[in-house]
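This report concerns only the one structure given below.
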2 protein chains.
Amino acid sequence: MSLLVVGSIAFDSVETPFGKVEDALGGSAVYISVSSSYFSPPIRMVAVVGGDFPREHIRFLENHEIDLDGLQIVETGKTFRWGGRYHYDLNSRDSLYTELNVFKDFKPNIPDRFRGSAYVCLGNMDPILQRDVLAQVSKPRLVVGDTMNYWIESSPDELRKTLKVMDVIVVNDSEARLLTQEPNLIKAAKSIIDMGPSIVIIKKGEHGALLVTSDTIFSAPAYPLETIFDPTGAGDSFAGGFVGWLAKTDDLSPANLKRAVIYGSTLASFCVEKFSIDGLRDLSYFQIQDRYRSFMQLSKFDEGYD
Amino acid sequence: MSLLVVGSIAFDSVETPFGKVEDALGGSAVYISVSSSYFSPPIRMVAVVGGDFPREHIRFLENHEIDLDGLQIVETGKTFRWGGRYHYDLNSRDSLYTELNVFKDFKPNIPDRFRGSAYVCLGNMDPILQRDVLAQVSKPRLVVGDTMNYWIESSPDELRKTLKVMDVIVVNDSEARLLTQEPNLIKAAKSIIDMGPSIVIIKKGEHGALLVTSDTIFSAPAYPLETIFDPTGAGDSFAGGFVGWLAKTDDLSPANLKRAVIYGSTLASFCVEKFSIDGLRDLSYFQIQDRYRSFMQLSKFDEGYD
C-alpha cells in the first residue's frame, strides 16, 4: 500500500565517543523514508531543503525508490542543520546548535497524487503542521506520528489536538513520562491511549520497545550491539521499519503489529551500527530477515512446566 | 536436587508511595528461600537472627519447607534491621538506617548434612563470607551469587576472588556497569565472564533481565505491572526462582537457563505486587505457571518474512 512520509531533511554534525561526522545527510523524513523503502517502495516523501542540498543526496534518495515529487527546494535558502554530541554512555546528548533555516517556514504541501496515501508517517515536527498534513490527505488507513519533549513542553494543547487524529504514536520512555506525568510506563501508555492513539509504542533504547494497545502488551528486546557508533536516527529508523512493514502487508492484526515492532527494531539496529544513514544505505532483504531471526533467538523461550 | 541458601534475615521498615510497613520479615536468605521453595523444597537455609525473632516467622519458613537446621539464633542479640524509602518512580531508594546487629558477626556454619548440596545460592554479603561458605561445601554443581555496589566499591579485591569461584552472578545494571566500568551492558556482561562466572544475569528492573554466557544472549521482558507496591526483595526473589527451577530440573542447557530466568522474573513479579514477602506467601503452582505463560505471550512473535 502507498506510504506518505512527511518530516525534516537535515545536515547533521555528530560527535560520539567513536568519531564524528560533519554535515551528514539526516532528518526524520530521510531516516523514515530510507528505512521504509526496504518494505514498501516507492515511498512518497514531502520535505524541504535549501539550494545547498547536493545532487548526490537526491540521487541517493531516488535510488531508494523515494518519490521526490513532494520535495520543496528553496533555492535561496539553506537546509536545516543540527549539531550534537553524545555522552560516553550514548543515552544522552547535547544539542550544540539547531539552525532551522528553510525548515522554519516549512508548509507541507501534499501533491495531489499523494493525497490518497493509505499509510502516513509524520516525523517529529510542530503538531500544527502534522495536523495540516492530515487535513490534506483523505482517510488514510493508518497515521503514525512522532513527537518530542520540545513540543510536549511548548505546545501541549496543539499536541493534544494532534494526538486525537493519530492512530499510532511512537515516543521514547522519557517523552511518554513527560507527556503523562506518570512514571510507570504501562500506565503512561494507557494514559496516552486515552488521549487518542489506539496504538502506543514506547522506545526504550538499549532496553527495547513496548507496544501497547487496549488489549495487547508486547515487549520487544533490543538487539545486543556491543558497539553503537551513532544513535542519531534510531527512532526514525524504527518508525520507518514499523510503518514500512505495515504498508507492505496491510495487516493491522496484533500479530502483525508485533512483527512490525521487530522490523522497526531491526532497522534501528542497523542504523546505529554506522554513522549517519550509512548503516541503512545498502541493506539486502536477506540481511534484514537474518536480523529479524536474531531477534527471535534473543527473546524466545519455551514452556517450562511439567 | 538439594539447594543451600546462605544470606541475611532482617526486619525491614519500608516506605513507598503506596504505603509503609514496619519491621516486616525480609533479608536475602528469606526471599531466596521462599521463592525457591516453590520449586525444589526442602530448602536448606543458613542465616542468623537474634533472640527477638518471633516464633511466627519460624513457623512461616517451616511451612514453606525451609530446613532451619542451619539457622543460628543468638539469644542475646538483635536481628538485622533495615529501613528504606523508595522514591516516586520506585527506581531509586534511600537507606534510612542499617543496623547489622547479629549479622555483623555472622559466620556461616554449614551443617554437615548440608555440605553435599548440589546447588548453592549466596545472597548479597561480604565476599569473604561467600567464599567461606564455598570452602565448607564439596563440589556443588552450581554456585549462584549476588553482590551489591557496597562490596564492589569497598572490597574489590575480595570480590574478584569470590567471582572466580561463582558459576552464576546475578547483578543489576548499575552494579554491572560499576564492576566493569563499561556502560554497554553486553560488553559489561562479557567482561564479567572474563572475571570468572560463566553465566551473567543482569537485572534491569522494569526493563526485564539479560542472560549472557559465552555463546548465548537472552533478553527476558519484565512483567508489565501497573502498580509496584514494594520493590524490596525483587532481586532476591528473582535469584530464588532462577536457582529453584534449576535445582528442580538439574538441567543447565541454554534452553533451561532461559526458562529459569523467566521463573526468576515470575517470582520477582509476584514479590513486588505486595509489601514485604506477602506477595510470595501463598502462591500456587498453577499461579506460577499461569504467569510464566503470560511472559510468553508478552514477548512472543512469529516469523515475519514471506
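Chain labels A, B, ... are given in the sequence in which chains occur in the C-alpha cells; within each chain residues are numbered consecutively from 1, and ligands are likewise numbered from 1 in the order shown.
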
Problem set entry | Exercise answer, chain B residues close to chain A, 9 Å and only C-alpha atoms, as a VMD selection string | chain B and resid 88 to 90 182 to 187 204 206 to 208 216 to 222 224 to 228 255 to 256 258 to 260 262 to 263 289 292 to 293 296 to 305

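Once Gly77 of chain A and its same-chain neighbours fewer than 3 positions away are set aside, Val49, Gly50, Gly51, Asp52, Ile73, Val74, Asn101 and Val102 of chain A remain within 9 Å of it when counting only C-alpha atoms.
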
Exercise. Near Gln136 of chain A, within 7 Å and counting only C-alpha atoms, which residues show up once chain neighbours fewer than 3 positions away are dropped, as a list in words?
Worked result: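 Contacts, with the query itself left out: Ile110, Arg115, Asp132 and Val133 of chain A.
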
Problem set entry | Near-Leu179 of chain A list (9 Å; only C-alpha atoms; drop same-chain fewer than 2 positions) as a PyMOL selection string | chain A and resi 149+152-153+156+174-177+181-182+188+192

Exercise. Which residues come within 12 Å of Asp278 of chain A, counting only C-alpha atoms, excluding same-chain residues fewer than 6 positions away, as a PyMOL selection string?
Worked result: chain A and resi 21+24-26+30-31+34-35+60+229-230+232-233+267+270-272

Problem set entry | Point-to-point distance in Å for atom CA of Met125 of chain B and atom CA of Leu100 of chain B |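 A separation of 11.4 Å between them.
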
For this session: Find the residues around Arg131 of chain A up to 10 Å (only C-alpha atoms counted), leave out those fewer than 2 positions away in its own chain, and share them as a list in words.
Result: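 Once the adjacent positions are removed, what remains is Leu122, Asp126, Pro127, Ile128, Leu129, Val133, Leu134, Ala135, Gln136, Glu158, Leu159, Lys161, Thr162, Leu163, Lys164, Val165 and Met166 of chain A.
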
Write a file of the just-selected residues containing N, CA and C atoms, as a JSON list (two decimals), in the first residue's frame.
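The new file result.json reads:
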[["chain", "number", "residue", "atom", "x", "y", "z"],
["A", 122, "LEU", "N", 4.26, 10.67, 10.10],
["A", 122, "LEU", "CA", 4.60, 12.06, 10.38],
["A", 122, "LEU", "C", 5.81, 12.13, 11.29],
["A", 126, "ASP", "N", 6.30, 20.43, 14.40],
["A", 126, "ASP", "CA", 5.22, 21.18, 15.04],
["A", 126, "ASP", "C", 3.90, 20.42, 14.87],
["A", 127, "PRO", "N", 3.21, 20.13, 15.97],
["A", 127, "PRO", "CA", 1.95, 19.38, 15.86],
["A", 127, "PRO", "C", 0.91, 20.07, 14.98],
["A", 128, "ILE", "N", 1.03, 21.39, 14.82],
["A", 128, "ILE", "CA", 0.10, 22.10, 13.92],
["A", 128, "ILE", "C", 0.37, 21.66, 12.47],
["A", 129, "LEU", "N", 1.65, 21.53, 12.13],
["A", 129, "LEU", "CA", 1.99, 21.07, 10.77],
["A", 129, "LEU", "C", 1.55, 19.63, 10.56],
["A", 133, "VAL", "N", -0.90, 18.36, 7.54],
["A", 133, "VAL", "CA", -0.71, 17.26, 6.59],
["A", 133, "VAL", "C", -1.98, 16.41, 6.50],
["A", 134, "LEU", "N", -2.50, 16.07, 7.67],
["A", 134, "LEU", "CA", -3.67, 15.18, 7.70],
["A", 134, "LEU", "C", -4.90, 15.83, 7.07],
["A", 135, "ALA", "N", -4.95, 17.16, 7.13],
["A", 135, "ALA", "CA", -6.08, 17.86, 6.51],
["A", 135, "ALA", "C", -6.03, 17.73, 4.98],
["A", 136, "GLN", "N", -4.86, 17.39, 4.46],
["A", 136, "GLN", "CA", -4.71, 17.31, 3.01],
["A", 136, "GLN", "C", -4.84, 15.89, 2.45],
["A", 158, "GLU", "N", -1.75, 22.10, 21.39],
["A", 158, "GLU", "CA", -1.74, 21.72, 19.97],
["A", 158, "GLU", "C", -1.40, 20.23, 19.83],
["A", 159, "LEU", "N", -0.47, 19.76, 20.67],
["A", 159, "LEU", "CA", -0.10, 18.34, 20.60],
["A", 159, "LEU", "C", -1.30, 17.46, 20.96],
["A", 161, "LYS", "N", -4.40, 18.09, 20.45],
["A", 161, "LYS", "CA", -5.31, 18.04, 19.30],
["A", 161, "LYS", "C", -4.79, 17.08, 18.24],
["A", 162, "THR", "N", -3.48, 17.09, 18.03],
["A", 162, "THR", "CA", -2.90, 16.20, 17.01],
["A", 162, "THR", "C", -2.98, 14.74, 17.44],
["A", 163, "LEU", "N", -2.79, 14.49, 18.73],
["A", 163, "LEU", "CA", -2.86, 13.10, 19.22],
["A", 163, "LEU", "C", -4.23, 12.49, 18.92],
["A", 164, "LYS", "N", -5.27, 13.33, 18.93],
["A", 164, "LYS", "CA", -6.63, 12.82, 18.69],
["A", 164, "LYS", "C", -6.78, 12.25, 17.28],
["A", 165, "VAL", "N", -5.92, 12.70, 16.36],
["A", 165, "VAL", "CA", -6.06, 12.23, 14.97],
["A", 165, "VAL", "C", -4.92, 11.30, 14.55],
["A", 166, "MET", "N", -4.12, 10.86, 15.50],
["A", 166, "MET", "CA", -3.09, 9.86, 15.21],
["A", 166, "MET", "C", -3.58, 8.48, 15.63]]

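Going from atom CA of Ile43 of chain A over to atom CA of Asp146 of chain A, you cover 17.8 Å.
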
Problem set entry | Distance in Å - atom CA of Glu65 of chain A versus atom CA of Pro41 of chain A |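 For atom CA of Glu65 of chain A relative to atom CA of Pro41 of chain A, the distance reads 5.8 Å.
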
Exercise. Quick one: DSSP helix (DSSP H, G or I) residues in segment 101-146 of chain A, as a list in words?
Worked result: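 Output for segment 101-146 of chain A, helix (DSSP H, G or I) only: Asn101, Val102, Phe103, Lys104, Asp105, Asp112, Arg113, Phe114, Pro127, Ile128, Leu129, Gln130, Arg131, Asp132, Val133, Leu134, Ala135 and Gln136 of chain A.
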
Exercise. So which bits of segment 68-264 of chain A end up strand (DSSP E or B) when you DSSP the backbone, as a ChimeraX atom specification?
Worked result: /A:68-74,80-86,93-99,119-122,142-146,168-172,199-203,209-212,217-220

For this session: Write out as a list in words each polymer residue whose atoms come within 8 Å of Tyr86 of chain A, counting only C-alpha atoms; drop sequence neighbours fewer than 3 positions from it.
Result: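 That gives Val14, Glu15, Thr16, Pro17, Asp89, Leu90, Asn91, Ser92, Arg93 and Asp94 of chain A.
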